[in-house]
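Structure below is work-v5.txt: compact mmCIF, C-alpha atoms and all ligand atoms.
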```
# COMPACT_ATOMS: atom_id res chain seq x y z
CA MET A 16 -53.10 9.08 -67.03
CA ILE A 17 -55.75 11.76 -66.70
CA ARG A 18 -54.86 13.91 -63.71
CA ILE A 19 -57.84 15.13 -61.68
CA LEU A 20 -57.68 17.60 -58.79
CA VAL A 21 -60.62 17.52 -56.38
CA ALA A 22 -60.43 20.93 -54.70
CA ASP A 23 -63.57 20.78 -52.51
CA PRO A 24 -65.02 18.12 -50.21
CA LEU A 25 -66.51 15.21 -52.17
CA SER A 26 -68.28 12.19 -50.67
CA SER A 27 -66.26 9.04 -50.03
CA LYS A 28 -68.60 7.24 -52.45
CA ALA A 29 -67.75 9.66 -55.28
CA LEU A 30 -64.03 9.43 -54.51
CA GLU A 31 -64.28 5.64 -54.55
CA LEU A 32 -66.03 5.69 -57.94
CA LEU A 33 -63.40 8.04 -59.36
CA LYS A 34 -60.55 5.89 -58.02
CA GLU A 35 -62.09 2.83 -59.68
CA VAL A 36 -61.46 4.39 -63.09
CA ALA A 37 -58.03 3.08 -64.07
CA GLU A 38 -57.31 6.07 -66.34
CA PHE A 39 -57.84 8.62 -63.54
CA ASP A 40 -55.01 9.78 -61.30
CA LEU A 41 -56.82 11.46 -58.44
CA VAL A 42 -55.47 14.13 -56.07
CA TYR A 43 -57.87 15.04 -53.22
CA LYS A 44 -57.20 18.44 -51.65
CA PRO A 45 -60.51 19.63 -50.23
CA ASP A 46 -58.86 22.43 -48.20
CA VAL A 47 -56.47 23.70 -50.85
CA LYS A 48 -55.60 27.39 -50.44
CA ARG A 49 -56.34 29.75 -53.34
CA GLU A 50 -52.67 30.55 -53.95
CA ASP A 51 -51.77 26.84 -54.01
CA LEU A 52 -54.65 26.13 -56.38
CA ALA A 53 -53.42 28.86 -58.73
CA ALA A 54 -49.89 27.45 -58.56
CA GLU A 55 -50.84 23.81 -59.07
CA ILE A 56 -53.81 23.89 -61.45
CA SER A 57 -51.68 23.65 -64.61
CA GLN A 58 -50.54 20.15 -63.60
CA PHE A 59 -54.07 18.77 -64.00
CA ASP A 60 -56.41 17.80 -66.83
CA ALA A 61 -59.58 18.25 -64.79
CA LEU A 62 -60.68 20.17 -61.73
CA LEU A 63 -63.62 19.08 -59.57
CA ILE A 64 -65.10 21.73 -57.29
CA ARG A 65 -68.21 22.69 -55.33
CA GLY A 66 -68.26 26.30 -54.08
CA THR A 67 -64.62 27.30 -54.64
CA ARG A 68 -64.43 30.48 -56.70
CA ILE A 69 -62.55 29.93 -59.93
CA ASP A 70 -61.76 33.42 -61.14
CA ALA A 71 -59.64 34.84 -63.95
CA ARG A 72 -56.53 34.92 -61.75
CA ILE A 73 -56.69 31.18 -61.12
CA LEU A 74 -57.56 30.45 -64.74
CA GLU A 75 -54.58 32.48 -65.99
CA ASN A 76 -52.35 29.64 -64.81
CA ALA A 77 -54.61 26.85 -66.07
CA GLY A 78 -52.04 25.38 -68.48
CA ASN A 79 -53.48 22.25 -70.03
CA LEU A 80 -56.59 22.08 -67.90
CA ARG A 81 -59.44 20.81 -70.11
CA LEU A 82 -62.40 20.36 -67.80
CA ILE A 83 -63.94 21.95 -64.72
CA VAL A 84 -66.81 20.06 -63.12
CA ARG A 85 -68.93 21.88 -60.54
CA ALA A 86 -70.61 19.38 -58.23
CA GLY A 87 -73.84 21.32 -57.94
CA ASN A 88 -76.10 23.56 -59.94
CA GLY A 89 -75.25 27.26 -60.49
CA LEU A 90 -72.02 28.12 -62.31
CA ASP A 91 -71.77 31.63 -60.91
CA ASN A 92 -68.60 30.82 -58.93
CA ILE A 93 -66.68 30.23 -62.18
CA ASP A 94 -65.46 32.87 -64.65
CA LEU A 95 -67.11 31.14 -67.59
CA GLU A 96 -65.89 33.61 -70.21
CA LYS A 97 -62.27 33.21 -69.21
CA ALA A 98 -62.60 29.43 -68.98
CA ARG A 99 -64.19 29.14 -72.41
CA ALA A 100 -61.66 31.54 -73.93
CA GLY A 101 -58.99 29.16 -72.68
CA GLY A 102 -60.73 26.17 -74.27
CA ILE A 103 -61.78 24.72 -70.91
CA GLU A 104 -65.11 22.90 -70.82
CA VAL A 105 -67.24 23.76 -67.76
CA ARG A 106 -69.88 21.31 -66.64
CA ASN A 107 -72.20 20.93 -63.65
CA THR A 108 -74.84 18.54 -62.31
CA PRO A 109 -78.08 20.50 -62.74
CA GLU A 110 -80.55 17.62 -62.64
CA ALA A 111 -79.36 16.16 -59.35
CA THR A 112 -81.07 18.45 -56.83
CA ALA A 113 -84.07 19.88 -58.70
CA VAL A 114 -86.57 17.81 -56.69
CA SER A 115 -84.84 18.65 -53.38
CA VAL A 116 -85.01 22.39 -54.09
CA ALA A 117 -88.62 22.19 -55.33
CA GLU A 118 -89.83 20.30 -52.23
CA TYR A 119 -87.93 22.73 -50.03
CA THR A 120 -89.51 25.71 -51.80
CA ILE A 121 -92.99 24.39 -51.03
CA GLY A 122 -91.86 23.94 -47.42
CA LEU A 123 -90.81 27.59 -47.31
CA LEU A 124 -94.16 28.66 -48.79
CA ILE A 125 -96.04 26.97 -45.98
CA PHE A 126 -93.49 28.13 -43.42
CA ALA A 127 -94.16 31.76 -44.32
CA ALA A 128 -97.90 31.40 -44.94
CA ARG A 129 -98.52 29.87 -41.50
CA PHE A 130 -95.85 31.59 -39.34
CA LEU A 131 -94.20 28.26 -38.53
CA GLY A 132 -90.92 29.91 -37.54
CA GLN A 133 -92.53 32.24 -35.01
CA ALA A 134 -94.69 29.41 -33.62
CA PHE A 135 -91.69 27.11 -33.16
CA CYS A 136 -89.44 29.79 -31.62
CA SER A 137 -92.10 31.09 -29.24
CA MET A 138 -92.81 27.57 -27.92
CA LYS A 139 -89.07 26.91 -27.44
CA GLU A 140 -88.86 30.22 -25.54
CA GLY A 141 -91.66 29.10 -23.24
CA ARG A 142 -94.52 31.14 -24.72
CA TRP A 143 -97.95 30.05 -25.95
CA GLU A 144 -98.80 32.55 -28.71
CA ARG A 145 -101.81 31.20 -30.55
CA ASN A 146 -103.73 34.40 -31.07
CA GLU A 147 -100.96 36.26 -32.86
CA LEU A 148 -100.42 33.35 -35.23
CA PHE A 149 -104.02 32.73 -36.26
CA ASN A 150 -104.10 34.87 -39.40
CA GLY A 151 -102.13 32.59 -41.70
CA VAL A 152 -103.15 32.01 -45.31
CA GLU A 153 -103.98 28.85 -47.27
CA LEU A 154 -102.24 27.98 -50.52
CA GLN A 155 -105.36 26.63 -52.22
CA GLY A 156 -106.87 29.11 -54.67
CA LYS A 157 -103.87 31.45 -54.47
CA THR A 158 -101.67 32.40 -57.42
CA MET A 159 -98.11 31.16 -57.50
CA GLY A 160 -95.76 33.19 -59.71
CA ILE A 161 -92.64 31.33 -60.78
CA VAL A 162 -89.80 33.35 -62.26
CA GLY A 163 -87.53 31.02 -64.25
CA PHE A 164 -89.40 27.98 -65.47
CA GLY A 165 -86.50 25.54 -65.86
CA ARG A 166 -85.79 22.33 -63.98
CA ILE A 167 -86.59 23.61 -60.49
CA GLY A 168 -89.30 26.11 -61.48
CA SER A 169 -91.30 23.45 -63.32
CA GLN A 170 -90.96 21.00 -60.40
CA VAL A 171 -92.23 23.71 -58.05
CA ALA A 172 -95.16 24.25 -60.42
CA CYS A 173 -96.19 20.54 -60.25
CA ARG A 174 -96.24 20.69 -56.47
CA ALA A 175 -98.05 24.04 -56.30
CA LEU A 176 -100.73 22.67 -58.65
CA ALA A 177 -101.19 19.71 -56.30
CA PHE A 178 -102.05 22.22 -53.55
CA GLY A 179 -104.79 23.70 -55.74
CA MET A 180 -102.84 26.84 -56.63
CA ARG A 181 -103.09 28.68 -59.92
CA VAL A 182 -99.62 28.82 -61.46
CA VAL A 183 -98.21 31.53 -63.72
CA TYR A 184 -94.59 31.77 -64.82
CA ASN A 185 -92.13 34.07 -66.50
CA ASP A 186 -89.12 32.92 -68.53
CA ILE A 187 -86.92 34.43 -71.21
CA LEU A 188 -87.29 31.22 -73.23
CA ASN A 189 -90.37 30.09 -75.05
CA ILE A 190 -91.39 27.27 -72.75
CA GLU A 191 -93.27 24.20 -73.93
CA THR A 192 -95.06 22.40 -71.13
CA ASP A 193 -98.02 20.10 -70.66
CA LEU A 194 -98.72 21.57 -67.22
CA PRO A 195 -101.84 23.75 -66.80
CA VAL A 196 -99.83 26.95 -66.29
CA ASN A 197 -99.72 30.33 -68.06
CA GLY A 198 -96.69 32.29 -69.26
CA TYR A 199 -96.81 35.98 -68.25
CA SER A 200 -94.56 39.00 -68.62
CA LEU A 201 -92.65 39.68 -65.39
CA ASP A 202 -94.79 42.75 -64.64
CA GLU A 203 -98.04 40.81 -65.14
CA LEU A 204 -96.77 38.00 -62.92
CA LEU A 205 -95.79 40.39 -60.12
CA ASP A 206 -99.17 42.05 -60.33
CA VAL A 207 -101.29 38.90 -59.91
CA SER A 208 -99.20 36.60 -57.69
CA ASP A 209 -99.80 35.91 -54.00
CA PHE A 210 -96.53 33.96 -53.79
CA ILE A 211 -93.51 34.72 -55.99
CA SER A 212 -90.72 32.19 -56.20
CA LEU A 213 -87.41 32.87 -57.99
CA HIS A 214 -85.67 30.11 -59.96
CA VAL A 215 -83.36 31.91 -62.38
CA PRO A 216 -79.57 31.61 -62.58
CA LEU A 217 -77.50 34.62 -61.46
CA ASP A 218 -76.10 36.36 -64.53
CA GLN A 219 -76.07 39.82 -66.12
CA THR A 220 -79.77 39.58 -67.04
CA THR A 221 -80.92 38.53 -63.57
CA ARG A 222 -78.73 40.63 -61.24
CA HIS A 223 -81.23 42.81 -59.34
CA LEU A 224 -84.02 41.43 -61.51
CA ILE A 225 -86.18 42.13 -58.47
CA SER A 226 -85.51 45.74 -57.47
CA ARG A 227 -87.62 48.73 -56.31
CA ALA A 228 -89.86 48.89 -59.37
CA GLN A 229 -90.59 45.14 -59.32
CA LEU A 230 -91.12 45.01 -55.56
CA SER A 231 -93.58 47.88 -55.75
CA LYS A 232 -95.61 45.98 -58.36
CA MET A 233 -96.14 43.02 -56.01
CA LYS A 234 -99.33 42.72 -53.98
CA SER A 235 -98.96 44.35 -50.57
CA ASP A 236 -99.47 40.97 -48.84
CA ALA A 237 -97.39 38.89 -51.29
CA ILE A 238 -94.78 36.45 -50.03
CA LEU A 239 -91.45 36.48 -51.93
CA ILE A 240 -89.22 33.40 -51.87
CA ASN A 241 -85.67 33.25 -53.18
CA THR A 242 -83.93 29.90 -53.45
CA SER A 243 -82.06 30.88 -56.64
CA ARG A 244 -79.04 33.09 -55.89
CA GLY A 245 -78.27 36.12 -53.75
CA GLY A 246 -78.06 39.18 -56.01
CA VAL A 247 -81.22 38.35 -57.97
CA ILE A 248 -83.03 40.51 -55.42
CA ASP A 249 -81.70 44.00 -54.67
CA ASP A 250 -81.43 43.69 -50.87
CA GLU A 251 -81.49 47.44 -50.17
CA ALA A 252 -84.67 47.82 -52.22
CA LEU A 253 -86.18 44.83 -50.40
CA LEU A 254 -85.47 46.38 -46.99
CA GLU A 255 -86.97 49.70 -48.07
CA THR A 256 -90.05 47.91 -49.39
CA LEU A 257 -90.51 45.90 -46.19
CA ASP A 258 -89.95 48.98 -44.02
CA ALA A 259 -92.66 50.77 -46.00
CA GLY A 260 -95.04 48.01 -44.86
CA HIS A 261 -95.25 46.37 -48.30
CA LEU A 262 -95.07 42.52 -48.65
CA ARG A 263 -96.06 39.95 -46.07
CA ALA A 264 -92.63 38.33 -45.94
CA ALA A 265 -89.43 37.57 -47.84
CA VAL A 266 -88.01 34.07 -47.43
CA LEU A 267 -84.34 33.91 -48.38
CA ASP A 268 -82.23 30.76 -48.77
CA VAL A 269 -79.43 32.51 -50.68
CA PHE A 270 -77.39 35.68 -50.16
CA ILE A 271 -74.93 37.81 -52.05
CA ASP A 272 -72.34 37.00 -49.33
CA GLU A 273 -72.60 33.63 -47.65
CA PRO A 274 -72.71 33.74 -44.67
CA PRO A 275 -74.61 37.03 -45.14
CA LYS A 276 -73.02 40.25 -43.90
CA SER A 277 -76.16 42.38 -43.61
CA GLU A 278 -77.46 42.09 -40.03
CA ARG A 279 -80.28 44.47 -40.98
CA LEU A 280 -81.51 42.03 -43.61
CA ILE A 281 -81.24 38.91 -41.44
CA GLN A 282 -82.78 40.54 -38.37
CA HIS A 283 -85.68 42.18 -40.21
CA PRO A 284 -88.87 40.79 -38.60
CA ARG A 285 -90.43 39.96 -41.99
CA VAL A 286 -87.31 38.38 -43.50
CA TYR A 287 -87.08 34.62 -42.91
CA PRO A 288 -83.47 33.63 -43.59
CA PHE A 289 -82.10 30.12 -44.18
CA PRO A 290 -78.47 29.04 -44.65
CA HIS A 291 -78.58 27.95 -48.33
CA ILE A 292 -79.88 24.44 -47.71
CA GLY A 293 -82.20 24.09 -50.71
CA ALA A 294 -80.14 21.27 -52.21
CA GLY A 295 -79.44 19.71 -48.83
CA SER A 296 -81.00 16.27 -49.05
CA GLY A 297 -79.13 12.97 -48.87
CA GLU A 298 -80.74 11.85 -52.12
CA GLY A 299 -79.83 15.06 -53.97
CA GLN A 300 -76.23 14.99 -52.74
CA ALA A 301 -75.84 11.31 -53.64
CA ARG A 302 -77.09 12.11 -57.16
CA ILE A 303 -74.60 14.99 -57.43
CA HIS A 304 -71.71 12.75 -56.56
CA THR A 305 -72.55 9.96 -59.00
CA GLU A 306 -73.30 12.57 -61.68
CA VAL A 307 -69.86 14.19 -61.22
CA VAL A 308 -68.15 10.87 -61.91
CA LYS A 309 -70.37 10.28 -64.96
CA VAL A 310 -69.56 13.73 -66.38
CA ALA A 311 -65.79 13.20 -65.96
CA LYS A 312 -65.93 9.70 -67.51
CA GLU A 313 -68.00 10.89 -70.46
CA PHE A 314 -65.76 13.88 -71.13
CA PHE A 315 -62.58 11.81 -71.22
CA ASN A 316 -64.39 8.94 -72.93
CA VAL A 317 -63.21 6.30 -70.43
P1 LIG A 401 -82.51 25.94 -65.21
O1 LIG A 401 -81.40 26.42 -66.08
O2 LIG A 401 -83.09 24.61 -65.47
O3 LIG A 401 -83.71 27.01 -65.22
C1 LIG A 401 -83.50 28.38 -65.13
C2 LIG A 401 -84.57 29.06 -65.98
O4 LIG A 401 -84.45 30.47 -65.81
C3 LIG A 401 -84.41 28.79 -67.48
O5 LIG A 401 -85.62 28.30 -68.03
C4 LIG A 401 -84.03 30.15 -68.05
O6 LIG A 401 -84.51 30.36 -69.37
C5 LIG A 401 -84.70 31.08 -67.06
N1 LIG A 401 -84.16 32.43 -67.07
C6 LIG A 401 -82.86 32.81 -67.23
N2 LIG A 401 -82.76 34.16 -67.19
C7 LIG A 401 -84.02 34.63 -67.00
C8 LIG A 401 -84.57 35.94 -66.88
N3 LIG A 401 -83.81 37.03 -66.97
N4 LIG A 401 -85.90 36.05 -66.70
C9 LIG A 401 -86.70 34.94 -66.64
N5 LIG A 401 -86.23 33.67 -66.76
C10 LIG A 401 -84.91 33.53 -66.93
O7 LIG A 401 -81.96 26.04 -63.72
P2 LIG A 401 -82.53 25.26 -62.44
O8 LIG A 401 -81.87 23.94 -62.36
O9 LIG A 401 -84.01 25.33 -62.42
O10 LIG A 401 -81.91 26.15 -61.28
C11 LIG A 401 -82.28 27.51 -61.12
C12 LIG A 401 -81.32 28.18 -60.15
O11 LIG A 401 -81.54 27.66 -58.85
C13 LIG A 401 -79.84 27.83 -60.42
O12 LIG A 401 -79.27 28.69 -61.39
C14 LIG A 401 -79.19 27.99 -59.07
O13 LIG A 401 -78.63 29.29 -59.00
C15 LIG A 401 -80.35 27.84 -58.09
N6 LIG A 401 -80.18 26.68 -57.19
C16 LIG A 401 -80.22 26.90 -55.84
C17 LIG A 401 -80.10 25.83 -54.96
C18 LIG A 401 -80.19 26.02 -53.46
O14 LIG A 401 -79.63 25.23 -52.72
N7 LIG A 401 -80.89 27.04 -53.00
C19 LIG A 401 -79.88 24.53 -55.45
C20 LIG A 401 -79.85 24.34 -56.82
C21 LIG A 401 -80.00 25.44 -57.69
```

Represent the structure from my file as structure tokens, please.
Ligand code: NAD
Amino acid sequence: MIRILVADPLSSKALELLKEVAEFDLVYKPDVKREDLAAEISQFDALLIRGTRIDARILENAGNLRLIVRAGNGLDNIDLEKARAGGIEVRNTPEATAVSVAEYTIGLLIFAARFLGQAFCSMKEGRWERNELFNGVELQGKTMGIVGFGRIGSQVACRALAFGMRVVYNDILNIETDLPVNGYSLDELLDVSDFISLHVPLDQTTRHLISRAQLSKMKSDAILINTSRGGVIDDEALLETLDAGHLRAAVLDVFIDEPPKSERLIQHPRVYPFPHIGAGSGEGQARIHTEVVKVAKEFFNV
């Protein structure tokens, strides 16, 4: 039997599909404590997780573990180097939520461009504040700068083009695309974009990719959106930039600590925070769960 530990909540549908595989012996412990995980992990062939951090200490005791599947996109909660050094394959489900995150990103663009948050809150608080909220901006004719032109970035581009935006992107790879978009250096992109949306993974090359120097290159009325990972933006530099009156707004779905610890960041009047819900659609989550089962079956060839 192939022993699989599910160490984070997984949908009943996914659990059902996994249980249907005769070769799989499934243990479901969605609330397992870190010390128990470290103690028990060596008894399993595969580990299925969502956000649980799998660090070197846990991997030290991995024994015969052969596969870690992250039900979701980024792999920044797993010590990949340590896992690979131990011969453990690490997989994720990157396709599943690209559309959900892209649609959400466009929602955030409009949210910030038209002050939807302020309008909604002021009405709920019994105020009628039309005048203050009448200097929004349209998307049509504006330049959308996409940093990281992978699965999500390219889906955002399709939608931005449909709104009549001009789209430029920056990526470390040589991207081939049929879309009418232009590849720019990061500096060029920051210089020309009215909206800047981040879609890179968090790694050594992207940590604080957007810091003081980059923020200062943005247009003074640019809107910055981060649905990638906390840490891609240097938060201190962002606060300084906003306090200096630069940038129209920063819309943040992701934070270095989640929930975020910096009250100053969350409460800043031109920061629009959201609780990491970019992938939060029923369709996206359903795809994640069927994809997880597919990955495990393919890996063990069953
Ligand atoms: P992807 O791997 O398909 O695309 C990422 C792109 O970024 C690649 O083309 C890569 O070459 C590029 N890139 C990497 N380093 C770069 C750098 N230094 N400069 C410029 N480009 C760089 O990934 P994806 O599926 O599009 O997802 C992007 C990120 O979105 C994920 O890594 C994840 O962290 C985040 N995400 C967030 C949510 C959410 O709920 N907010 C959901 C899913 C994914």

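Closest approach to ligand LIG 401 (chain A) among A:His283, A:Lys139, A:Arg85, A:Lys276 is made by A:Arg85 (distances from all atoms listed in the file).
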
Would you list the residues that come within 9 Å of ligand LIG 401 (chain A)? Count only C-alpha atoms and all ligand atoms and give the answer as a PyMOL selection string.
-> chain A and resi 87-91+108-113+115-116+119-120+162-170+184-190+201+213-222+224+241-245+267-269+290-295

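Distances to Leu30 in chain A were evaluated for A:Val308, A:Met159, A:Val207, A:Ala228 using all atoms listed in the file, and the minimum falls at A:Val308.
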
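Taking CA of Pro288 in chain A and CA of Ala265 in chain A as endpoints, the distance between them is 8.3 Å.
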
Do a neighbour search on Glu104 in chain A at 8 Å with only C-alpha atoms, toss out local chain neighbours closer than 6 positions, and write the hits as a PyMOL selection string.
-> chain A and resi 81-83+98

Take the selection from the previous step and output its residues with C-alpha atoms, as a PDB file, in the frame of the given file.
```
ATOM      1  CA  ARG A  81     -59.440  20.810 -70.110  1.00  0.00           C
ATOM      2  CA  LEU A  82     -62.400  20.360 -67.800  1.00  0.00           C
ATOM      3  CA  ILE A  83     -63.940  21.950 -64.720  1.00  0.00           C
ATOM      4  CA  ALA A  98     -62.600  29.430 -68.980  1.00  0.00           C
TER       5      ALA A  98
END
```

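Between CA of Pro195 in chain A and CA of Ala117 in chain A the interatomic distance comes to 17.6 Å.
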
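Atom pair CA of Lys232 in chain A / CA of Gln282 in chain A has a distance of 24.4 Å (rounded to one decimal).
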
Select, from A:Ala127, A:Ala175, A:Ala237, A:Ile281, the residue with the minimum atom-to-atom distance to Leu204 in chain A, counting all atoms listed in the file.
-> A:Ala237

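For the residues A:Arg18, A:Arg106, A:Lys44, A:Arg129, ranking by smallest atom-to-atom distance to Lys309 in chain A using all atoms listed in the file places A:Arg106 first.
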
Around the point (-53.3, 13.3, -55.4) in the file's coordinates, collect all residues with an atom within 12 Å, using only C-alpha atoms, and return them as number ranges by chain.
-> A: 17-22, 30, 34, 39-45, 47, 55, 58-59, 62
